[in-house]
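Trainee: One file: protein.cif (mmCIF, C-alpha atoms).
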data_final
#
loop_
_atom_site.label_atom_id
_atom_site.label_comp_id
_atom_site.auth_asym_id
_atom_site.auth_seq_id
_atom_site.Cartn_x
_atom_site.Cartn_y
_atom_site.Cartn_z
CA SER X 1 -12.05 13.13 -6.19
CA LEU X 2 -12.95 13.63 -9.85
CA ASN X 3 -16.39 15.00 -9.04
CA PRO X 4 -16.90 18.23 -11.06
CA MET X 5 -18.65 19.77 -8.02
CA GLU X 6 -15.28 19.66 -6.27
CA ASN X 7 -13.21 20.57 -9.31
CA GLU X 8 -14.48 22.41 -12.40
CA SER X 9 -17.30 24.14 -10.49
CA VAL X 10 -14.79 25.51 -7.96
CA VAL X 11 -12.44 26.67 -10.74
CA ALA X 12 -15.28 28.32 -12.67
CA ALA X 13 -16.67 30.06 -9.58
CA LEU X 14 -13.21 31.46 -8.80
CA LEU X 15 -12.71 32.72 -12.36
CA LYS X 16 -16.11 34.38 -12.24
CA ARG X 17 -15.30 36.14 -8.96
CA ALA X 18 -11.82 37.13 -10.18
CA LYS X 19 -13.29 39.12 -13.11
CA GLY X 20 -10.31 38.56 -15.40
CA SER X 21 -7.58 39.00 -12.78
CA VAL X 22 -6.82 35.26 -12.81
CA GLU X 23 -6.57 32.99 -15.83
CA LEU X 24 -6.10 29.28 -16.47
CA VAL X 25 -2.72 28.26 -17.83
CA ASP X 26 -2.56 25.78 -20.72
CA VAL X 27 -0.30 22.95 -19.51
CA SER X 28 -1.14 20.48 -22.28
CA SER X 29 2.50 20.47 -23.45
CA SER X 30 3.88 19.84 -19.95
CA LEU X 31 4.71 16.27 -18.92
CA PRO X 32 4.00 14.91 -22.43
CA GLU X 33 4.11 11.26 -21.29
CA LEU X 34 1.34 11.81 -18.74
CA LYS X 35 -1.94 10.50 -20.15
CA ARG X 36 -4.77 12.88 -19.33
CA ARG X 37 -8.23 14.13 -20.20
CA PRO X 38 -9.38 17.77 -20.52
CA GLY X 39 -11.57 19.46 -17.94
CA MET X 40 -15.34 19.26 -18.25
CA LYS X 41 -17.20 22.14 -19.88
CA TYR X 42 -20.63 21.09 -18.63
CA TRP X 43 -21.89 19.01 -15.72
CA LYS X 44 -24.98 18.17 -13.71
CA VAL X 45 -25.16 18.18 -9.93
CA GLY X 46 -26.38 15.03 -8.26
CA ASP X 47 -27.29 14.02 -4.73
CA VAL X 48 -29.21 11.16 -3.09
CA PHE X 49 -32.44 12.49 -4.66
CA GLY X 50 -31.14 12.47 -8.24
CA PHE X 51 -29.58 14.94 -10.69
CA HIS X 52 -30.48 18.62 -10.90
CA GLU X 53 -30.00 20.73 -14.05
CA SER X 54 -29.59 24.00 -12.14
CA PHE X 55 -29.90 25.45 -8.67
CA ASP X 56 -33.28 27.01 -9.49
CA ASP X 57 -34.48 23.92 -11.36
CA SER X 58 -34.47 21.90 -8.16
CA ALA X 59 -36.85 24.32 -6.42
CA GLY X 60 -39.86 22.42 -5.15
CA ARG X 61 -38.00 19.11 -5.42
CA LYS X 62 -36.15 17.38 -2.67
CA ARG X 63 -32.43 18.07 -2.56
CA GLN X 64 -29.69 17.99 0.01
CA LYS X 65 -29.17 21.19 1.97
CA THR X 66 -25.43 20.98 1.32
CA LEU X 67 -25.85 21.85 -2.37
CA ALA X 68 -24.69 25.40 -3.09
CA ARG X 69 -25.44 27.61 -6.09
CA THR X 70 -21.76 27.72 -7.10
CA MET X 71 -21.74 23.94 -7.61
CA PHE X 72 -24.03 24.23 -10.63
CA TRP X 73 -23.03 24.95 -14.22
CA ASP X 74 -23.72 28.51 -15.34
CA ALA X 75 -24.03 29.82 -18.92
CA GLU X 76 -21.33 32.38 -18.09
CA TYR X 77 -18.86 29.51 -17.66
CA ASP X 78 -18.86 28.91 -21.44
CA LYS X 79 -16.29 31.70 -21.87
CA PHE X 80 -13.82 30.06 -19.48
CA PRO X 81 -11.30 27.59 -21.00
CA LEU X 82 -12.10 24.85 -18.48
CA GLU X 83 -10.67 22.30 -20.92
CA ARG X 84 -7.25 23.53 -19.70
CA CYS X 85 -7.91 21.72 -16.43
CA VAL X 86 -6.26 18.30 -16.31
CA ARG X 87 -8.05 15.10 -15.32
CA VAL X 88 -5.89 12.04 -14.63
CA PHE X 89 -7.86 8.82 -14.42
CA PRO X 90 -6.55 5.69 -12.62
CA HIS X 91 -6.77 3.47 -15.71
CA LEU X 92 -4.66 5.82 -17.85
CA ASP X 93 -1.38 5.85 -15.91
CA ASP X 94 -1.99 3.20 -13.24
CA THR X 95 -2.27 5.90 -10.56
CA GLY X 96 -4.87 7.35 -8.28
CA GLY X 97 -7.28 9.93 -9.66
CA PHE X 98 -6.01 13.52 -9.87
CA PHE X 99 -7.42 16.88 -10.86
CA ILE X 100 -4.81 19.51 -11.78
CA THR X 101 -5.27 23.20 -12.47
CA VAL X 102 -2.64 25.92 -12.90
CA PHE X 103 -3.69 29.54 -12.30
CA GLN X 104 -1.85 32.70 -13.24
CA LYS X 105 -2.63 36.04 -11.66
CA THR X 106 -2.63 38.72 -14.37
CA LYS X 107 -3.63 41.76 -12.30
CA GLU X 108 -4.87 42.78 -8.86
CA LEU X 109 -7.85 40.87 -7.54
CA PRO X 110 -11.21 42.62 -7.09
CA GLU X 111 -11.61 44.33 -3.71
CA ASP X 112 -14.31 41.91 -2.57
CA MET X 113 -11.81 39.03 -2.97
CA GLU X 114 -8.96 40.83 -1.19
CA ALA X 115 -11.01 42.08 1.75
CA LEU X 116 -10.92 40.00 4.91
CA PRO X 117 -14.37 38.97 6.14
CA PHE X 118 -15.56 40.46 9.42
CA VAL X 119 -15.49 37.90 12.22
CA ASP X 120 -17.40 38.49 15.41
CA ALA X 121 -15.15 37.97 18.46
CA ASN X 122 -17.72 35.85 20.27
CA LYS X 123 -18.23 33.67 17.22
CA ALA X 124 -14.47 33.26 16.77
CA TYR X 125 -14.08 32.13 20.38
CA ARG X 126 -16.97 29.68 20.00
CA LEU X 127 -15.44 28.20 16.84
CA ALA X 128 -12.05 27.84 18.54
CA ARG X 129 -13.71 26.08 21.46
CA GLU X 130 -15.62 23.80 19.09
CA ASN X 131 -12.34 22.92 17.34
CA ALA X 132 -10.73 22.01 20.63
CA GLU X 133 -13.75 19.94 21.67
CA TRP X 134 -13.76 18.21 18.26
CA ASN X 135 -10.13 17.24 18.72
CA GLU X 136 -10.81 16.00 22.26
CA LYS X 137 -13.86 13.96 21.29
CA LYS X 138 -12.20 12.45 18.23
CA ARG X 139 -8.94 11.99 20.13
CA VAL X 140 -7.05 13.87 17.44
CA ALA X 141 -3.88 15.24 18.99
CA PRO X 142 -2.68 18.64 17.71
CA VAL X 143 0.21 18.79 15.25
CA ILE X 144 3.20 20.52 16.84
CA LYS X 145 6.75 21.32 15.83
CA PHE X 146 9.51 18.99 17.08
CA ASP X 147 12.13 21.25 18.68
CA ASP X 148 14.47 18.72 20.33
CA SER X 149 17.75 19.66 18.62
CA SER X 150 19.74 17.03 20.56
CA ALA X 151 17.46 14.24 19.28
CA VAL X 152 17.76 15.58 15.72
CA ALA X 153 21.56 15.67 16.07
CA SER X 154 21.54 12.09 17.37
CA ILE X 155 19.46 10.88 14.39
CA THR X 156 21.66 12.75 11.90
CA LYS X 157 24.88 11.37 13.39
CA HIS X 158 23.66 7.78 13.91
CA TYR X 159 22.46 7.37 10.32
CA GLY X 160 25.14 9.57 8.76
CA LEU X 161 22.61 11.81 7.04
CA SER X 162 23.98 14.17 4.42
CA ASP X 163 23.60 17.95 4.59
CA ALA X 164 21.02 17.74 1.80
CA LEU X 165 18.46 16.36 4.27
CA VAL X 166 17.85 19.04 6.88
CA LEU X 167 15.80 17.61 9.74
CA ASP X 168 16.18 20.50 12.15
CA GLY X 169 12.86 22.34 11.94
CA ALA X 170 11.49 19.87 9.38
CA LEU X 171 9.92 17.40 11.82
CA MET X 172 6.48 17.53 13.40
CA THR X 173 4.80 15.36 15.99
CA ARG X 174 1.29 14.78 17.36
CA GLN X 175 2.17 15.23 21.02
CA HIS X 176 5.18 16.18 23.10
CA SER X 177 5.53 12.74 24.71
CA ASP X 178 3.55 9.97 26.30
CA LEU X 179 6.39 9.27 28.77
CA PRO X 180 7.88 11.80 31.24
CA GLY X 181 11.29 13.03 30.11
CA VAL X 182 11.18 11.04 26.87
CA SER X 183 10.91 12.29 23.29
CA PRO X 184 7.66 11.86 21.30
CA LYS X 185 6.80 8.44 19.91
CA ARG X 186 6.46 9.38 16.22
CA LEU X 187 8.13 12.05 14.09
CA TYR X 188 6.66 13.17 10.76
CA TYR X 189 8.70 14.70 7.94
CA LEU X 190 6.94 17.54 6.11
CA SER X 191 7.74 19.90 3.27
CA LYS X 192 8.50 23.52 4.11
CA GLY X 193 5.13 24.69 2.75
CA ALA X 194 3.16 22.13 4.75
CA ARG X 195 5.02 23.05 7.96
CA LYS X 196 4.24 26.72 7.40
CA VAL X 197 0.52 25.98 7.13
CA LEU X 198 0.41 23.68 10.14
CA THR X 199 2.33 26.05 12.41
CA ALA X 200 0.37 29.14 11.36
CA THR X 201 -1.02 31.27 14.16
CA ALA X 202 -3.76 33.84 14.42
CA LYS X 203 -2.97 37.56 14.80
CA ASP X 204 -3.19 37.23 18.58
CA GLY X 205 -0.51 34.52 18.53
CA THR X 206 -2.85 31.64 19.32
CA SER X 207 -3.06 28.46 17.27
CA ALA X 208 -5.01 28.66 14.03
CA GLY X 209 -7.03 25.68 15.26
CA LEU X 210 -6.65 23.44 12.21
CA GLN X 211 -8.25 20.03 12.62
CA VAL X 212 -5.53 17.83 11.14
CA VAL X 213 -6.15 14.10 11.04
CA ALA X 214 -2.97 13.11 9.17
CA CYS X 215 0.10 14.92 7.87
CA GLY X 216 3.52 14.28 6.38
CA VAL X 217 5.54 11.09 6.15
CA ARG X 218 5.92 9.02 9.31
CA ALA X 219 9.71 8.97 9.10
CA PHE X 220 10.93 8.01 12.60
CA GLU X 221 9.55 6.08 15.57
CA ARG X 222 10.94 5.97 19.08
CA GLN X 223 12.54 2.66 20.09
CA ILE X 224 14.64 2.92 23.24
CA VAL X 225 16.79 -0.17 23.76
CA LYS X 226 19.73 -0.58 26.08
CA GLY X 227 23.00 -0.40 24.17
CA VAL X 228 21.50 1.41 21.16
CA LYS X 229 22.72 5.01 20.96
CA CYS X 230 19.88 6.49 18.88
CA ALA X 231 16.38 6.57 20.35
CA TYR X 232 14.69 6.62 16.94
CA ARG X 233 14.43 4.02 14.19
CA ILE X 234 13.57 4.71 10.56
CA THR X 235 10.17 3.49 9.42
CA GLN X 236 9.55 1.66 6.16
CA GLU X 237 7.25 4.51 5.16
CA GLY X 238 10.03 7.03 5.71
CA LEU X 239 12.68 5.21 3.65
CA ASP X 240 11.93 7.04 0.41
CA ALA X 241 12.71 10.36 2.10
CA VAL X 242 15.63 9.27 4.30
CA TYR X 243 17.49 6.43 2.54
CA PRO X 244 19.01 8.48 -0.34
CA HIS X 245 20.82 10.61 2.26
CA MET X 246 22.13 7.80 4.51
CA LYS X 247 25.86 7.08 4.82
CA LYS X 248 25.65 4.78 7.87
CA GLN X 249 23.54 1.80 9.00
CA VAL X 250 23.10 0.55 5.43
CA VAL X 251 24.01 -3.08 4.68
CA ARG X 252 24.24 -4.65 1.23
CA VAL X 253 23.11 -8.27 1.31
CA ARG X 254 22.38 -10.92 -1.27
CA ALA X 255 18.80 -11.04 -2.52
CA ALA X 256 18.47 -14.62 -1.27
CA GLU X 257 19.46 -13.56 2.25
CA LEU X 258 16.90 -10.74 2.29
CA GLU X 259 14.26 -13.11 0.90
CA THR X 260 14.98 -15.57 3.72
CA ILE X 261 14.61 -12.85 6.37
CA LEU X 262 11.28 -11.73 4.91
CA ALA X 263 10.03 -15.32 4.64
CA ARG X 264 10.87 -16.07 8.26
CA GLN X 265 9.18 -12.88 9.39
CA GLN X 266 5.98 -14.01 7.67
CA ASP X 267 6.33 -17.62 8.96
CA GLU X 268 6.31 -18.98 5.44
CA PRO X 269 6.72 -22.78 5.11
CA GLY X 270 10.27 -23.89 4.39
CA ALA X 271 11.83 -20.60 5.49
CA LYS X 272 14.14 -22.27 8.01
CA ALA X 273 15.23 -24.90 5.52
CA SER X 274 16.18 -22.22 3.00
CA ILE X 275 19.04 -21.06 5.21
CA GLY X 276 20.93 -24.17 4.11
CA GLY X 277 22.78 -25.62 7.07
CA ALA X 278 24.53 -24.46 10.20
CA ARG X 279 25.15 -20.84 11.15
CA SER X 280 27.90 -19.20 9.13
CA SER X 281 29.70 -18.03 12.26
CA SER X 282 29.26 -17.67 15.98
CA CYS X 283 26.26 -15.87 17.48
CA ASP X 284 27.76 -12.54 16.36
CA ILE X 285 25.88 -12.71 13.04
CA PRO X 286 22.16 -13.38 12.39
CA GLU X 287 21.79 -16.90 10.98
CA GLU X 288 20.11 -15.68 7.78
CA ILE X 289 23.30 -13.85 6.76
CA THR X 290 25.68 -16.41 5.25
CA HIS X 291 27.72 -14.68 2.55
CA ALA X 292 31.18 -13.44 3.54
CA LYS X 293 30.74 -9.88 2.19
CA SER X 294 27.32 -9.55 3.82
CA ILE X 295 28.80 -10.66 7.13
CA GLU X 296 31.61 -8.14 6.79
CA LYS X 297 29.16 -5.31 6.10
CA LEU X 298 26.87 -6.28 8.96
CA LYS X 299 29.77 -6.25 11.43
CA SER X 300 30.49 -2.62 10.49
CA VAL X 301 27.12 -1.26 11.66
CA ALA X 302 25.84 -0.60 15.17
CA ASP X 303 22.94 -2.41 16.82
CA GLY X 304 19.54 -0.85 16.24
CA CYS X 305 17.84 0.12 13.02
CA VAL X 306 19.66 -0.98 9.86
CA ILE X 307 18.56 -0.78 6.25
CA LEU X 308 19.07 -3.95 4.24
CA VAL X 309 19.44 -3.42 0.50
CA PRO X 310 19.82 -6.28 -2.01
CA LYS X 311 23.11 -6.15 -3.88
CA PRO X 312 22.41 -5.06 -7.48
CA VAL X 313 23.36 -7.35 -10.34
CA GLY X 314 26.19 -5.75 -12.29
CA ASP X 315 27.24 -2.09 -12.24
CA ASP X 316 24.33 -0.69 -14.26
CA GLU X 317 22.85 2.45 -12.69
CA ASP X 318 19.30 1.22 -13.36
CA ASN X 319 20.02 -1.93 -11.38
CA GLU X 320 21.20 0.22 -8.50
CA VAL X 321 17.93 2.18 -8.54
CA GLU X 322 15.88 -1.03 -8.63
CA ALA X 323 17.84 -2.50 -5.72
CA SER X 324 17.36 0.68 -3.66
CA ALA X 325 13.60 0.46 -4.25
CA LEU X 326 13.68 -2.92 -2.42
CA ALA X 327 15.35 -1.52 0.71
CA VAL X 328 13.88 -2.87 3.96
CA ALA X 329 14.06 -1.34 7.44
CA CYS X 330 15.17 -3.94 9.99
CA TRP X 331 16.24 -4.12 13.62
CA LEU X 332 19.59 -5.64 14.51
CA GLY X 333 19.50 -6.78 18.11
CA SER X 334 21.27 -9.02 20.58
CA GLY X 335 19.55 -11.69 22.65
CA ALA X 336 20.21 -14.88 24.56
CA LYS X 337 20.76 -16.77 21.29
CA GLY X 338 22.95 -14.12 19.71
CA LYS X 339 22.36 -11.53 17.02
CA SER X 340 19.06 -11.41 15.15
CA LEU X 341 17.36 -9.36 12.44
CA SER X 342 13.69 -8.40 12.56
CA VAL X 343 11.81 -6.64 9.77
CA LEU X 344 10.31 -3.28 10.77
CA ALA X 345 7.54 -3.40 8.18
CA SER X 346 4.02 -4.75 7.97
CA LYS X 347 2.83 -7.29 5.40
CA VAL X 348 1.23 -4.48 3.41
CA GLU X 349 4.48 -2.51 3.30
#
Mind turning this structure into structure tokens?
Mentor:
Amino acid sequence: SLNPMENESVVAALLKRAKGSVELVDVSSSLPELKRRPGMKYWKVGDVFGFHESFDDSAGRKRQKTLARTMFWDAEYDKFPLERCVRVFPHLDDTGGFFITVFQKTKELPEDMEALPFVDANKAYRLARENAEWNEKKRVAPVIKFDDSSAVASITKHYGLSDALVLDGALMTRQHSDLPGVSPKRLYYLSKGARKVLTATAKDGTSAGLQVVACGVRAFERQIVKGVKCAYRITQEGLDAVYPHMKKQVVRVRAAELETILARQQDEPGAKASIGGARSSSCDIPEEITHAKSIEKLKSVADGCVILVPKPVGDDEDNEVEASALAVACWLGSGAKGKSLSVLASKVE
């Protein structure tokens, strides 16, 4: 959001409470190619009833109860360099909207900011119960750490993941499993900081009770198929995080072959005709794969999830990067008619 009530007003209220112990850092020289706008020095607060100049100004007029005094501009805010905040608008860099602020602590915070608020035990229990009921009613499963080291080892070995990608302790899931004796359906990859927040516990060792609707990158999904050694496939969403570290289950194909596979998956007209004749070999190779080098590469991987990457044109490093950006997660399987390739991505992906 680029609403100043959620951005500059929060920054200004914090600086006011900090009483000089925290300052805004000027980052205007950082990331020079990033187009940006400075933070707002003045703003009005609006709701469904209109705009209000100040918290006291709206007295006697209708306003939403959710409006707080700290949302409004204050004359004291003039001394704060709020222009050091960074606003990134979608039309400037072809991105989403972002609000960026960098703080630097210059001395100890005031006591009233350091002190922990008193929490009544009965109230704390009631809030914890309400959190649990909220999750139950909304059917939001808790986020839990994935501790199956054997499954992690199987994923690492099957896809030949390098030591740079450490999955052990880095994966989370929404539930232990929906099938007895079977690993969870989805595994999410999170940064170290995010995992620390989501696994935080209260002083008594109980869960912090965070109501988390979504988290991390959905990197792996369970797909148990007879003859496939690894129980998890890589998702299209998870490719950006996993693909750079893969040494196995990657197949270089011609762009035309990958285009044919995608066209057939979407039932596009003329997709079958684009294959161009009879199958290149016996049923050991999917019929879309016709080039000799592609066939050779495909024979070197195991059934299950494979990543198809179009062969770059030339040896230029930029071409390699562009080709990797077009990687597609697929499933190599065997059926009554022989080997086949299915795309593991939606139309949107």
Trainee: Name the closest residue to Gly39 (chain X) among the candidates X:Met113, X:Cys305, X:Ala170, X:Cys85; distances are taken between atoms, counting all atoms listed in the file.
Mentor: X:Cys85
Trainee: Suppose you want the space between CA of Glu257 (chain X) and CA of Thr235 (chain X); what is it in Å?
Mentor: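 Atom-to-atom, CA of Glu257 (chain X) to CA of Thr235 (chain X), that is 20.7 Å.
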Trainee: Convert the output of the PyMOL selection byres ((chain X and resi 104-107) around 10) on the shown file into explicit residues, formatted as a list in words.
Mentor: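 Output of the PyMOL selection byres ((chain X and resi 104-107) around 10): Ala18, Gly20, Ser21, Val22, Glu23, Leu24, Val25, Val102, Phe103, Glu108, Leu109 and Pro110 of chain X.
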Trainee: List, as an mmCIF file with C-alpha atoms, keeping the file's coordinate frame, every residue that the PyMOL selection byres ((chain X and resi 64) around 12) selects in the file provided.
Mentor:
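File selection_39.cif, as written:
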data_model
loop_
_atom_site.group_PDB
_atom_site.id
_atom_site.type_symbol
_atom_site.label_atom_id
_atom_site.label_comp_id
_atom_site.auth_asym_id
_atom_site.auth_seq_id
_atom_site.Cartn_x
_atom_site.Cartn_y
_atom_site.Cartn_z
ATOM 1 C CA VAL X 45 -25.160 18.180 -9.930
ATOM 2 C CA GLY X 46 -26.380 15.030 -8.260
ATOM 3 C CA ASP X 47 -27.290 14.020 -4.730
ATOM 4 C CA VAL X 48 -29.210 11.160 -3.090
ATOM 5 C CA PHE X 49 -32.440 12.490 -4.660
ATOM 6 C CA GLY X 50 -31.140 12.470 -8.240
ATOM 7 C CA PHE X 51 -29.580 14.940 -10.690
ATOM 8 C CA HIS X 52 -30.480 18.620 -10.900
ATOM 9 C CA PHE X 55 -29.900 25.450 -8.670
ATOM 10 C CA SER X 58 -34.470 21.900 -8.160
ATOM 11 C CA ALA X 59 -36.850 24.320 -6.420
ATOM 12 C CA ARG X 61 -38.000 19.110 -5.420
ATOM 13 C CA LYS X 62 -36.150 17.380 -2.670
ATOM 14 C CA ARG X 63 -32.430 18.070 -2.560
ATOM 15 C CA LYS X 65 -29.170 21.190 1.970
ATOM 16 C CA THR X 66 -25.430 20.980 1.320
ATOM 17 C CA LEU X 67 -25.850 21.850 -2.370
ATOM 18 C CA ALA X 68 -24.690 25.400 -3.090
#
Trainee: Looking at only C-alpha atoms, which of X:Val212, X:Val27, X:Val152, X:Leu82 is the one that sits closest to Val10 (chain X)?
Mentor: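 That would be X:Leu82, the residue with the smallest distance to Val10 (chain X).
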Trainee: Please write as a ChimeraX atom specification the full residue list that the PyMOL selection byres ((chain X and resi 288) around 7) yields on this file.
Mentor: /X:257,260-261,275,286-287,289-290
Trainee: Which of these residues is nearest to Val197 (chain X), using all atoms listed in the file: X:Pro310, X:Asp112, X:His291, X:Ile144?
Mentor: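 For Val197 (chain X), the nearest of the candidates is X:Ile144.
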Trainee: May I ask for the distance between CA of Gln223 (chain X) and CA of Ile307 (chain X), given in Å to one decimal place?
Mentor: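 Computing it gives 15.5 Å between the two atoms.
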Trainee: When you count all atoms listed in the file, which of these residues is closest to Asp147 (chain X): X:Leu239, X:Ala231, X:Cys283, X:Leu187?
Mentor: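 Among the listed residues, the smallest separation from Asp147 (chain X) belongs to X:Leu187.
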Trainee: Quick one: pull the distance between CA of Met40 (chain X) and CA of Lys19 (chain X), Å, one decimal.
Mentor: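 Answer for the CA of Met40 (chain X) to CA of Lys19 (chain X) separation: 20.6 Å.
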Trainee: Report as an mmCIF file with C-alpha atoms, in the coordinates of the input all protein, DNA and RNA residues lying within 6 Å of region 97-101 of chain X, evaluated on only C-alpha atoms, omitting residues in the same chain fewer than 2 positions from it.
Mentor:
data_model
loop_
_atom_site.group_PDB
_atom_site.id
_atom_site.type_symbol
_atom_site.label_atom_id
_atom_site.label_comp_id
_atom_site.auth_asym_id
_atom_site.auth_seq_id
_atom_site.Cartn_x
_atom_site.Cartn_y
_atom_site.Cartn_z
ATOM 1 C CA CYS X 85 -7.910 21.720 -16.430
ATOM 2 C CA VAL X 86 -6.260 18.300 -16.310
ATOM 3 C CA ARG X 87 -8.050 15.100 -15.320
ATOM 4 C CA VAL X 88 -5.890 12.040 -14.630
ATOM 5 C CA PHE X 89 -7.860 8.820 -14.420
ATOM 6 C CA PRO X 90 -6.550 5.690 -12.620
#
Trainee: What's the 12 Å shell around Lys339 (chain X), counting only C-alpha atoms, without same-chain residues fewer than 3 positions away, as a VMD selection string?
Mentor: chain X and resid 279 281 to 289 295 298 to 299 302 to 304 331 to 336 342
Trainee: How would the residues just chosen look if you wrote them out with C-alpha atoms as a compact mmCIF listing (two decimals), in the coordinates of the input?
Mentor:
# COMPACT_ATOMS: atom_id res chain seq x y z
CA ARG X 279 25.15 -20.84 11.15
CA SER X 281 29.70 -18.03 12.26
CA SER X 282 29.26 -17.67 15.98
CA CYS X 283 26.26 -15.87 17.48
CA ASP X 284 27.76 -12.54 16.36
CA ILE X 285 25.88 -12.71 13.04
CA PRO X 286 22.16 -13.38 12.39
CA GLU X 287 21.79 -16.90 10.98
CA GLU X 288 20.11 -15.68 7.78
CA ILE X 289 23.30 -13.85 6.76
CA ILE X 295 28.80 -10.66 7.13
CA LEU X 298 26.87 -6.28 8.96
CA LYS X 299 29.77 -6.25 11.43
CA ALA X 302 25.84 -0.60 15.17
CA ASP X 303 22.94 -2.41 16.82
CA GLY X 304 19.54 -0.85 16.24
CA TRP X 331 16.24 -4.12 13.62
CA LEU X 332 19.59 -5.64 14.51
CA GLY X 333 19.50 -6.78 18.11
CA SER X 334 21.27 -9.02 20.58
CA GLY X 335 19.55 -11.69 22.65
CA ALA X 336 20.21 -14.88 24.56
CA SER X 342 13.69 -8.40 12.56
